[in-house]
$ cat upload-v3.pdb   # PDB, C-alpha atoms
ATOM      1  CA  MET A 204      13.684 -64.591  31.011
ATOM      2  CA  THR A 205      14.312 -62.421  34.047
ATOM      3  CA  GLY A 206      12.566 -63.088  37.361
ATOM      4  CA  GLY A 207      10.256 -65.511  35.589
ATOM      5  CA  LYS A 208       9.087 -62.938  33.058
ATOM      6  CA  LEU A 209       9.804 -62.761  29.351
ATOM      7  CA  ILE A 210      11.959 -59.920  28.086
ATOM      8  CA  PHE A 211      11.319 -58.842  24.508
ATOM      9  CA  GLU A 212      13.918 -57.171  22.311
ATOM     10  CA  PRO A 213      13.406 -54.389  21.476
ATOM     11  CA  ASP A 214      11.157 -53.404  24.366
ATOM     12  CA  LEU A 215       7.544 -54.369  23.899
ATOM     13  CA  SER A 216       4.999 -52.718  26.158
ATOM     14  CA  VAL A 217       1.604 -53.208  24.449
ATOM     15  CA  VAL A 218       0.061 -56.327  22.949
ATOM     16  CA  VAL A 219      -3.230 -56.100  21.039
ATOM     17  CA  ILE A 220      -5.354 -59.195  20.418
ATOM     18  CA  GLY A 221      -8.257 -58.835  17.999
ATOM     19  CA  GLY A 222     -10.851 -61.195  16.624
ATOM     20  CA  THR A 223     -14.521 -62.026  16.572
ATOM     21  CA  SER A 224     -16.479 -63.380  19.527
ATOM     22  CA  ASN A 225     -15.645 -66.775  21.009
ATOM     23  CA  VAL A 226     -12.299 -67.334  19.284
ATOM     24  CA  GLY A 227     -10.344 -67.295  22.556
ATOM     25  CA  LYS A 228      -9.153 -63.680  22.855
ATOM     26  CA  SER A 229      -9.872 -63.388  26.578
ATOM     27  CA  THR A 230      -8.373 -66.786  27.386
ATOM     28  CA  LEU A 231      -5.177 -65.952  25.486
ATOM     29  CA  ALA A 232      -4.974 -62.456  27.004
ATOM     30  CA  GLN A 233      -5.301 -63.790  30.543
ATOM     31  CA  ALA A 234      -2.675 -66.462  29.921
ATOM     32  CA  LEU A 235      -0.307 -63.835  28.521
ATOM     33  CA  ALA A 236      -0.966 -61.541  31.463
ATOM     34  CA  ARG A 237       0.044 -64.308  33.865
ATOM     35  CA  ARG A 238       3.081 -65.247  31.774
ATOM     36  CA  LEU A 239       4.344 -61.684  31.321
ATOM     37  CA  GLY A 240       3.155 -60.109  34.567
ATOM     38  CA  TRP A 241       1.242 -57.436  32.604
ATOM     39  CA  SER A 242      -2.168 -55.868  33.066
ATOM     40  CA  CYS A 243      -5.068 -56.969  30.866
ATOM     41  CA  VAL A 244      -7.944 -54.843  29.522
ATOM     42  CA  SER A 245     -10.878 -55.769  27.290
ATOM     43  CA  THR A 246     -12.227 -53.275  24.771
ATOM     44  CA  ASP A 247     -15.683 -54.286  26.046
ATOM     45  CA  SER A 248     -14.879 -52.508  29.310
ATOM     46  CA  LEU A 249     -14.272 -49.244  27.450
ATOM     47  CA  GLY A 250     -17.742 -48.989  25.920
ATOM     48  CA  ARG A 251     -19.985 -51.989  25.580
ATOM     49  CA  HIS A 252     -22.088 -52.748  22.515
ATOM     50  CA  PRO A 253     -25.221 -54.893  23.003
ATOM     51  CA  GLY A 254     -23.607 -58.077  24.174
ATOM     52  CA  ARG A 255     -24.357 -61.754  24.174
ATOM     53  CA  PRO A 256     -28.106 -62.367  23.903
ATOM     54  CA  TRP A 257     -28.380 -65.306  26.264
ATOM     55  CA  THR A 258     -28.745 -65.787  29.989
ATOM     56  CA  VAL A 259     -25.486 -66.005  31.956
ATOM     57  CA  ALA A 260     -25.491 -66.791  35.692
ATOM     58  CA  ASP A 261     -29.230 -66.048  35.886
ATOM     59  CA  ARG A 262     -28.737 -62.602  34.326
ATOM     60  CA  GLN A 263     -31.782 -62.026  32.180
ATOM     61  CA  ILE A 264     -31.382 -60.673  28.665
ATOM     62  CA  PRO A 265     -32.131 -56.920  28.761
ATOM     63  CA  ALA A 266     -35.123 -55.953  26.641
ATOM     64  CA  HIS A 267     -33.095 -53.517  24.533
ATOM     65  CA  VAL A 268     -30.547 -56.258  23.726
ATOM     66  CA  ALA A 269     -33.266 -58.667  22.594
ATOM     67  CA  GLU A 270     -34.867 -55.923  20.504
ATOM     68  CA  HIS A 271     -31.507 -55.075  18.934
ATOM     69  CA  TYR A 272     -31.016 -58.605  17.639
ATOM     70  CA  LEU A 273     -34.620 -59.181  16.659
ATOM     71  CA  SER A 274     -35.104 -55.929  14.745
ATOM     72  CA  LEU A 275     -31.915 -55.977  12.631
ATOM     73  CA  SER A 276     -30.654 -58.283   9.921
ATOM     74  CA  ILE A 277     -27.264 -59.950  10.339
ATOM     75  CA  GLU A 278     -25.723 -57.396   7.966
ATOM     76  CA  GLU A 279     -27.277 -54.524   9.922
ATOM     77  CA  LEU A 280     -26.059 -56.024  13.192
ATOM     78  CA  ALA A 281     -22.502 -56.181  11.841
ATOM     79  CA  THR A 282     -22.694 -52.605  10.553
ATOM     80  CA  ALA A 283     -23.930 -51.360  13.931
ATOM     81  CA  GLN A 284     -21.120 -53.236  15.650
ATOM     82  CA  LEU A 285     -18.431 -51.706  13.428
ATOM     83  CA  ARG A 286     -19.881 -48.205  13.894
ATOM     84  CA  HIS A 287     -19.707 -48.711  17.648
ATOM     85  CA  TYR A 288     -16.034 -49.683  17.419
ATOM     86  CA  ALA A 289     -15.314 -46.658  15.236
ATOM     87  CA  ARG A 290     -16.743 -44.414  17.956
ATOM     88  CA  MET A 291     -14.639 -46.228  20.558
ATOM     89  CA  TRP A 292     -11.368 -45.982  18.661
ATOM     90  CA  PRO A 293     -10.108 -42.650  20.108
ATOM     91  CA  VAL A 294     -10.329 -44.135  23.615
ATOM     92  CA  ILE A 295      -8.625 -47.362  22.531
ATOM     93  CA  ARG A 296      -5.903 -45.476  20.656
ATOM     94  CA  SER A 297      -5.233 -43.220  23.657
ATOM     95  CA  LEU A 298      -4.853 -46.222  25.955
ATOM     96  CA  ILE A 299      -2.401 -47.890  23.584
ATOM     97  CA  ALA A 300      -0.373 -44.682  23.171
ATOM     98  CA  THR A 301      -0.174 -44.079  26.916
ATOM     99  CA  HIS A 302       1.173 -47.547  27.691
ATOM    100  CA  ALA A 303       3.496 -47.594  24.688
ATOM    101  CA  ALA A 304       5.135 -44.399  25.908
ATOM    102  CA  ASP A 305       5.263 -45.192  29.635
ATOM    103  CA  HIS A 306       7.129 -48.420  30.382
ATOM    104  CA  ASP A 307       7.205 -47.740  34.121
ATOM    105  CA  ASP A 308       3.602 -48.879  34.532
ATOM    106  CA  GLY A 309       4.370 -52.307  33.061
ATOM    107  CA  GLY A 310       2.992 -53.811  29.898
ATOM    108  CA  LEU A 311      -0.601 -53.830  28.679
ATOM    109  CA  ILE A 312      -2.525 -56.582  26.940
ATOM    110  CA  LEU A 313      -5.571 -55.145  25.176
ATOM    111  CA  GLU A 314      -8.019 -57.656  23.758
ATOM    112  CA  GLY A 315     -11.347 -57.381  22.042
ATOM    113  CA  SER A 316     -13.282 -57.079  18.814
ATOM    114  CA  GLY A 317     -12.846 -53.306  19.100
ATOM    115  CA  ALA A 318      -9.282 -53.741  17.825
ATOM    116  CA  TRP A 319     -10.147 -53.327  14.155
ATOM    117  CA  PRO A 320      -7.225 -54.171  11.781
ATOM    118  CA  ASP A 321      -7.269 -51.007   9.644
ATOM    119  CA  ARG A 322      -7.082 -48.742  12.682
ATOM    120  CA  VAL A 323      -4.505 -50.745  14.615
ATOM    121  CA  ALA A 324      -2.328 -50.970  11.487
ATOM    122  CA  GLU A 325      -2.012 -47.169  11.498
ATOM    123  CA  ILE A 326       0.036 -47.414  14.699
ATOM    124  CA  SER A 327       3.732 -47.419  13.828
ATOM    125  CA  ASP A 328       5.489 -48.151  17.103
ATOM    126  CA  PRO A 329       7.997 -50.970  17.758
ATOM    127  CA  ASN A 330       6.748 -51.092  21.346
ATOM    128  CA  VAL A 331       3.330 -52.296  20.130
ATOM    129  CA  ALA A 332       2.507 -55.717  18.688
ATOM    130  CA  ALA A 333      -0.804 -57.104  17.477
ATOM    131  CA  ILE A 334      -2.335 -60.345  16.296
ATOM    132  CA  TRP A 335      -5.826 -61.389  15.271
ATOM    133  CA  LEU A 336      -7.440 -64.715  16.057
ATOM    134  CA  THR A 337      -9.735 -66.389  13.566
ATOM    135  CA  ALA A 338     -11.741 -69.595  13.468
ATOM    136  CA  SER A 339     -14.033 -71.423  11.094
ATOM    137  CA  PRO A 340     -17.753 -70.579  11.112
ATOM    138  CA  ALA A 341     -18.424 -74.060  12.505
ATOM    139  CA  THR A 342     -16.046 -73.459  15.421
ATOM    140  CA  VAL A 343     -17.602 -70.101  16.266
ATOM    141  CA  ARG A 344     -21.089 -71.563  16.051
ATOM    142  CA  GLY A 345     -20.151 -74.564  18.193
ATOM    143  CA  ARG A 346     -18.593 -72.428  20.906
ATOM    144  CA  VAL A 347     -21.540 -70.032  21.016
ATOM    145  CA  TYR A 348     -24.021 -72.908  21.110
ATOM    146  CA  SER A 349     -22.111 -74.444  24.008
ATOM    147  CA  ALA A 350     -21.857 -71.167  25.951
ATOM    148  CA  SER A 351     -25.534 -70.367  25.445
ATOM    149  CA  ARG A 352     -26.751 -73.955  26.099
ATOM    150  CA  TYR A 353     -28.478 -73.658  22.767
ATOM    151  CA  ALA A 354     -30.049 -77.117  22.861
ATOM    152  CA  GLU A 355     -32.045 -76.092  25.934
ATOM    153  CA  LEU A 356     -33.343 -72.792  24.535
ATOM    154  CA  ALA A 357     -36.878 -72.025  23.486
ATOM    155  CA  ASP A 358     -37.358 -71.082  19.827
ATOM    156  CA  ASP A 359     -37.522 -67.313  20.467
ATOM    157  CA  ALA A 360     -34.310 -67.399  22.500
ATOM    158  CA  ALA A 361     -32.575 -69.569  19.897
ATOM    159  CA  ILE A 362     -33.318 -66.950  17.240
ATOM    160  CA  LEU A 363     -31.326 -64.370  19.220
ATOM    161  CA  VAL A 364     -28.352 -66.714  19.499
ATOM    162  CA  ASP A 365     -28.451 -67.537  15.790
ATOM    163  CA  LYS A 366     -28.404 -63.827  14.976
ATOM    164  CA  PHE A 367     -25.357 -63.441  17.236
ATOM    165  CA  VAL A 368     -23.621 -66.338  15.487
ATOM    166  CA  GLY A 369     -24.358 -64.812  12.093
ATOM    167  CA  ARG A 370     -23.042 -61.421  13.148
ATOM    168  CA  SER A 371     -19.913 -62.975  14.683
ATOM    169  CA  ASN A 372     -19.105 -64.967  11.557
ATOM    170  CA  LEU A 373     -19.704 -61.999   9.270
ATOM    171  CA  TYR A 374     -17.396 -59.883  11.442
ATOM    172  CA  ASN A 375     -14.779 -62.640  11.205
ATOM    173  CA  GLU A 376     -15.061 -62.784   7.410
ATOM    174  CA  VAL A 377     -14.608 -59.030   6.941
ATOM    175  CA  MET A 378     -11.894 -58.843   9.612
ATOM    176  CA  LEU A 379      -9.888 -61.671   8.067
ATOM    177  CA  SER A 380     -10.052 -59.994   4.672
ATOM    178  CA  ALA A 381      -8.637 -56.803   6.208
ATOM    179  CA  VAL A 382      -5.898 -58.695   8.075
ATOM    180  CA  ARG A 383      -4.767 -60.388   4.873
ATOM    181  CA  ARG A 384      -4.913 -57.177   2.851
ATOM    182  CA  LEU A 385      -2.755 -55.387   5.411
ATOM    183  CA  GLY A 386      -0.334 -58.277   5.941
ATOM    184  CA  LEU A 387      -0.977 -58.444   9.691
ATOM    185  CA  ALA A 388      -0.216 -61.352  12.018
ATOM    186  CA  CYS A 389      -3.048 -63.844  12.406
ATOM    187  CA  VAL A 390      -3.554 -67.236  14.044
ATOM    188  CA  ASP A 391      -6.257 -69.703  13.049
ATOM    189  CA  VAL A 392      -7.229 -71.306  16.349
ATOM    190  CA  ASP A 393      -8.476 -74.400  14.500
ATOM    191  CA  ASP A 394      -4.877 -75.075  13.416
ATOM    192  CA  VAL A 395      -3.307 -74.624  16.853
ATOM    193  CA  GLY A 396      -5.142 -76.963  19.162
ATOM    194  CA  GLN A 397      -4.497 -76.572  22.867
ATOM    195  CA  PRO A 398      -4.428 -73.145  24.595
ATOM    196  CA  ARG A 399      -0.760 -73.599  25.505
ATOM    197  CA  ALA A 400       0.135 -74.039  21.833
ATOM    198  CA  LEU A 401      -1.774 -70.836  21.012
ATOM    199  CA  LEU A 402       0.142 -69.020  23.760
ATOM    200  CA  GLU A 403       3.519 -70.138  22.445
ATOM    201  CA  ARG A 404       2.616 -69.321  18.828
ATOM    202  CA  SER A 405       1.453 -65.867  19.881
ATOM    203  CA  LEU A 406       4.616 -65.121  21.838
ATOM    204  CA  ARG A 407       6.703 -65.838  18.737
ATOM    205  CA  LEU A 408       4.546 -63.525  16.647
ATOM    206  CA  PHE A 409       4.697 -60.729  19.211
ATOM    207  CA  ASP A 410       8.488 -60.808  19.060
ATOM    208  CA  GLY A 411       8.499 -60.814  15.243
ATOM    209  CA  PRO A 412       5.832 -60.413  12.555
ATOM    210  CA  GLY A 413       3.315 -58.961  14.989
ATOM    211  CA  ARG A 414       5.377 -55.810  15.626
ATOM    212  CA  LEU A 415       3.751 -52.637  14.298
ATOM    213  CA  GLY A 416       6.895 -50.541  13.940
TER     214      GLY A 416
END
$ encode --input "upload-v3.pdb" --output "structure tokens"
Amino acid sequence: MTGGKLIFEPDLSVVVIGGTSNVGKSTLAQALARRLGWSCVSTDSLGRHPGRPWTVADRQIPAHVAEHYLSLSIEELATAQLRHYARMWPVIRSLIATHAADHDDGGLILEGSGAWPDRVAEISDPNVAAIWLTASPATVRGRVYSASRYAELADDAAILVDKFVGRSNLYNEVMLSAVRRLGLACVDVDDVGQPRALLERSLRLFDGPGRLG
């Protein structure tokens, strides 16, 4: 460590964290940003897909978001999500390339479901590392139910949340299959336990198997 910050060998300037909703991507990214002194960006900020269909801080669910979840099957929701991320990829790839090439701006942590394994795996750069987080369907469901206060929801609102859970778990299933096929670094959050343990496990992967070059 130098000045309280980790130094990777060889130089690492971009970390990508992928995974489905509610597996802890944002929490891990923010912890890494504090630990490394890097900036942190979510793929959601680059082009948002219809988000979480429940009320947060008195923000009402937009009508188009409710309609999106109500009108599509879980499979159709997942397909629409993946198409959205495909459209976003040129922006994501450009951001990764810019930070990988320019170390003067400091490192970048990029987290989000928009980091699809097949596309990220095409990057061959030792300055870029990536991992994917996964969790059991029960864990994803439990976290979403807690965040949405599911037990307090009316039946019509609960339907929206259940559709979101189904889409999130289907995304996780397809994503995990791709991660295994490509031999990419992955952490099952159910096996890690506390956030600090996830942070330490991730740091080891970023300086080893998670490297893309």
$ resolve_selection --input "upload-v3.pdb" --expression "the PyMOL selection byres ((chain A and resi 311-320) around 8)" --output "mmCIF file with C-alpha atoms, keeping the file's coordinate frame"
data_model
loop_
_atom_site.group_PDB
_atom_site.id
_atom_site.type_symbol
_atom_site.label_atom_id
_atom_site.label_comp_id
_atom_site.auth_asym_id
_atom_site.auth_seq_id
_atom_site.Cartn_x
_atom_site.Cartn_y
_atom_site.Cartn_z
ATOM 1 C CA SER A 216 4.999 -52.718 26.158
ATOM 2 C CA VAL A 217 1.604 -53.208 24.449
ATOM 3 C CA VAL A 218 0.061 -56.327 22.949
ATOM 4 C CA VAL A 219 -3.230 -56.100 21.039
ATOM 5 C CA ILE A 220 -5.354 -59.195 20.418
ATOM 6 C CA GLY A 221 -8.257 -58.835 17.999
ATOM 7 C CA GLY A 222 -10.851 -61.195 16.624
ATOM 8 C CA THR A 223 -14.521 -62.026 16.572
ATOM 9 C CA SER A 224 -16.479 -63.380 19.527
ATOM 10 C CA LYS A 228 -9.153 -63.680 22.855
ATOM 11 C CA SER A 229 -9.872 -63.388 26.578
ATOM 12 C CA ALA A 232 -4.974 -62.456 27.004
ATOM 13 C CA LEU A 235 -0.307 -63.835 28.521
ATOM 14 C CA ALA A 236 -0.966 -61.541 31.463
ATOM 15 C CA TRP A 241 1.242 -57.436 32.604
ATOM 16 C CA SER A 242 -2.168 -55.868 33.066
ATOM 17 C CA CYS A 243 -5.068 -56.969 30.866
ATOM 18 C CA VAL A 244 -7.944 -54.843 29.522
ATOM 19 C CA SER A 245 -10.878 -55.769 27.290
ATOM 20 C CA THR A 246 -12.227 -53.275 24.771
ATOM 21 C CA ASP A 247 -15.683 -54.286 26.046
ATOM 22 C CA TYR A 288 -16.034 -49.683 17.419
ATOM 23 C CA MET A 291 -14.639 -46.228 20.558
ATOM 24 C CA TRP A 292 -11.368 -45.982 18.661
ATOM 25 C CA ILE A 295 -8.625 -47.362 22.531
ATOM 26 C CA HIS A 302 1.173 -47.547 27.691
ATOM 27 C CA GLY A 309 4.370 -52.307 33.061
ATOM 28 C CA GLY A 310 2.992 -53.811 29.898
ATOM 29 C CA ASP A 321 -7.269 -51.007 9.644
ATOM 30 C CA ARG A 322 -7.082 -48.742 12.682
ATOM 31 C CA VAL A 323 -4.505 -50.745 14.615
ATOM 32 C CA ALA A 324 -2.328 -50.970 11.487
ATOM 33 C CA MET A 378 -11.894 -58.843 9.612
ATOM 34 C CA ALA A 381 -8.637 -56.803 6.208
ATOM 35 C CA VAL A 382 -5.898 -58.695 8.075
ATOM 36 C CA LEU A 385 -2.755 -55.387 5.411
ATOM 37 C CA LEU A 387 -0.977 -58.444 9.691
#
$ atom_distance --input "upload-v3.pdb" --atom1 "CA of Ser351 in chain A" --atom2 "CA of Gly254 in chain A"
12.5 Å
$ axis_aligned_box --input "upload-v3.pdb" --around "range 401-407 of chain A" --padding-each-side "4 Å" --output "JSON"
{"center_x": 2.5, "center_y": -68.0, "center_z": 21.2, "size_x": 16.5, "size_y": 13.7, "size_z": 13.0}
$ closest_residue --input "upload-v3.pdb" --among "A:Thr342, A:Ala266, A:Val364, A:Pro329" --to "Gly411 in chain A" --atoms "only C-alpha atoms"
A:Pro329
$ atom_distance --input "upload-v3.pdb" --atom1 "CA of Arg404 in chain A" --atom2 "CA of Ala332 in chain A"
13.6 Å
$ residues_near_point --input "upload-v3.pdb" --point "(5.5, -45.1, 15.3)" --cutoff "12 Å" --atoms "only C-alpha atoms" --output "list of chain:residue names"
A:Ile299, A:Ala300, A:Ala303, A:Ala304, A:Val323, A:Ala324, A:Glu325, A:Ile326, A:Ser327, A:Asp328, A:Pro329, A:Asn330, A:Val331, A:Ala332, A:Arg414, A:Leu415, A:Gly416
$ atom_distance --input "upload-v3.pdb" --atom1 "CA of Glu278 in chain A" --atom2 "CA of Arg290 in chain A"
18.7 Å
$ build_atoms --input "upload-v3.pdb" --residues "range 275-293 of chain A" --atoms "N, CA and C atoms" --output "PDB file, keeping the file's coordinate frame"
ATOM      1  N   LEU A 275     -32.913 -56.217  13.676  1.00  0.00           N
ATOM      2  CA  LEU A 275     -31.915 -55.977  12.631  1.00  0.00           C
ATOM      3  C   LEU A 275     -31.526 -57.267  11.933  1.00  0.00           C
ATOM      4  N   SER A 276     -31.194 -57.138  10.664  1.00  0.00           N
ATOM      5  CA  SER A 276     -30.654 -58.283   9.921  1.00  0.00           C
ATOM      6  C   SER A 276     -29.217 -58.530  10.379  1.00  0.00           C
ATOM      7  N   ILE A 277     -28.652 -59.656   9.980  1.00  0.00           N
ATOM      8  CA  ILE A 277     -27.264 -59.950  10.339  1.00  0.00           C
ATOM      9  C   ILE A 277     -26.329 -58.876   9.790  1.00  0.00           C
ATOM     10  N   GLU A 278     -26.562 -58.440   8.551  1.00  0.00           N
ATOM     11  CA  GLU A 278     -25.723 -57.396   7.966  1.00  0.00           C
ATOM     12  C   GLU A 278     -25.858 -56.085   8.738  1.00  0.00           C
ATOM     13  N   GLU A 279     -27.063 -55.748   9.147  1.00  0.00           N
ATOM     14  CA  GLU A 279     -27.277 -54.524   9.922  1.00  0.00           C
ATOM     15  C   GLU A 279     -26.653 -54.632  11.310  1.00  0.00           C
ATOM     16  N   LEU A 280     -26.697 -55.812  11.895  1.00  0.00           N
ATOM     17  CA  LEU A 280     -26.059 -56.024  13.192  1.00  0.00           C
ATOM     18  C   LEU A 280     -24.543 -55.801  13.090  1.00  0.00           C
ATOM     19  N   ALA A 281     -23.943 -56.342  12.025  1.00  0.00           N
ATOM     20  CA  ALA A 281     -22.502 -56.181  11.841  1.00  0.00           C
ATOM     21  C   ALA A 281     -22.138 -54.723  11.594  1.00  0.00           C
ATOM     22  N   THR A 282     -22.951 -54.025  10.820  1.00  0.00           N
ATOM     23  CA  THR A 282     -22.694 -52.605  10.553  1.00  0.00           C
ATOM     24  C   THR A 282     -22.779 -51.793  11.837  1.00  0.00           C
ATOM     25  N   ALA A 283     -23.786 -52.071  12.658  1.00  0.00           N
ATOM     26  CA  ALA A 283     -23.930 -51.360  13.931  1.00  0.00           C
ATOM     27  C   ALA A 283     -22.742 -51.638  14.846  1.00  0.00           C
ATOM     28  N   GLN A 284     -22.267 -52.867  14.836  1.00  0.00           N
ATOM     29  CA  GLN A 284     -21.120 -53.236  15.650  1.00  0.00           C
ATOM     30  C   GLN A 284     -19.871 -52.459  15.219  1.00  0.00           C
ATOM     31  N   LEU A 285     -19.617 -52.401  13.929  1.00  0.00           N
ATOM     32  CA  LEU A 285     -18.431 -51.706  13.428  1.00  0.00           C
ATOM     33  C   LEU A 285     -18.522 -50.196  13.673  1.00  0.00           C
ATOM     34  N   ARG A 286     -19.709 -49.632  13.585  1.00  0.00           N
ATOM     35  CA  ARG A 286     -19.881 -48.205  13.894  1.00  0.00           C
ATOM     36  C   ARG A 286     -19.570 -47.934  15.354  1.00  0.00           C
ATOM     37  N   HIS A 287     -20.002 -48.838  16.221  1.00  0.00           N
ATOM     38  CA  HIS A 287     -19.707 -48.711  17.648  1.00  0.00           C
ATOM     39  C   HIS A 287     -18.198 -48.711  17.884  1.00  0.00           C
ATOM     40  N   TYR A 288     -17.484 -49.621  17.234  1.00  0.00           N
ATOM     41  CA  TYR A 288     -16.034 -49.683  17.419  1.00  0.00           C
ATOM     42  C   TYR A 288     -15.337 -48.459  16.837  1.00  0.00           C
ATOM     43  N   ALA A 289     -15.886 -47.896  15.789  1.00  0.00           N
ATOM     44  CA  ALA A 289     -15.314 -46.658  15.236  1.00  0.00           C
ATOM     45  C   ALA A 289     -15.436 -45.522  16.244  1.00  0.00           C
ATOM     46  N   ARG A 290     -16.563 -45.444  16.927  1.00  0.00           N
ATOM     47  CA  ARG A 290     -16.743 -44.414  17.956  1.00  0.00           C
ATOM     48  C   ARG A 290     -15.803 -44.637  19.139  1.00  0.00           C
ATOM     49  N   MET A 291     -15.509 -45.895  19.430  1.00  0.00           N
ATOM     50  CA  MET A 291     -14.639 -46.228  20.558  1.00  0.00           C
ATOM     51  C   MET A 291     -13.167 -45.992  20.276  1.00  0.00           C
ATOM     52  N   TRP A 292     -12.778 -45.941  19.006  1.00  0.00           N
ATOM     53  CA  TRP A 292     -11.368 -45.982  18.661  1.00  0.00           C
ATOM     54  C   TRP A 292     -10.525 -44.893  19.338  1.00  0.00           C
ATOM     55  N   PRO A 293     -10.965 -43.635  19.442  1.00  0.00           N
ATOM     56  CA  PRO A 293     -10.108 -42.650  20.108  1.00  0.00           C
ATOM     57  C   PRO A 293      -9.725 -43.057  21.536  1.00  0.00           C
TER      58      PRO A 293
END
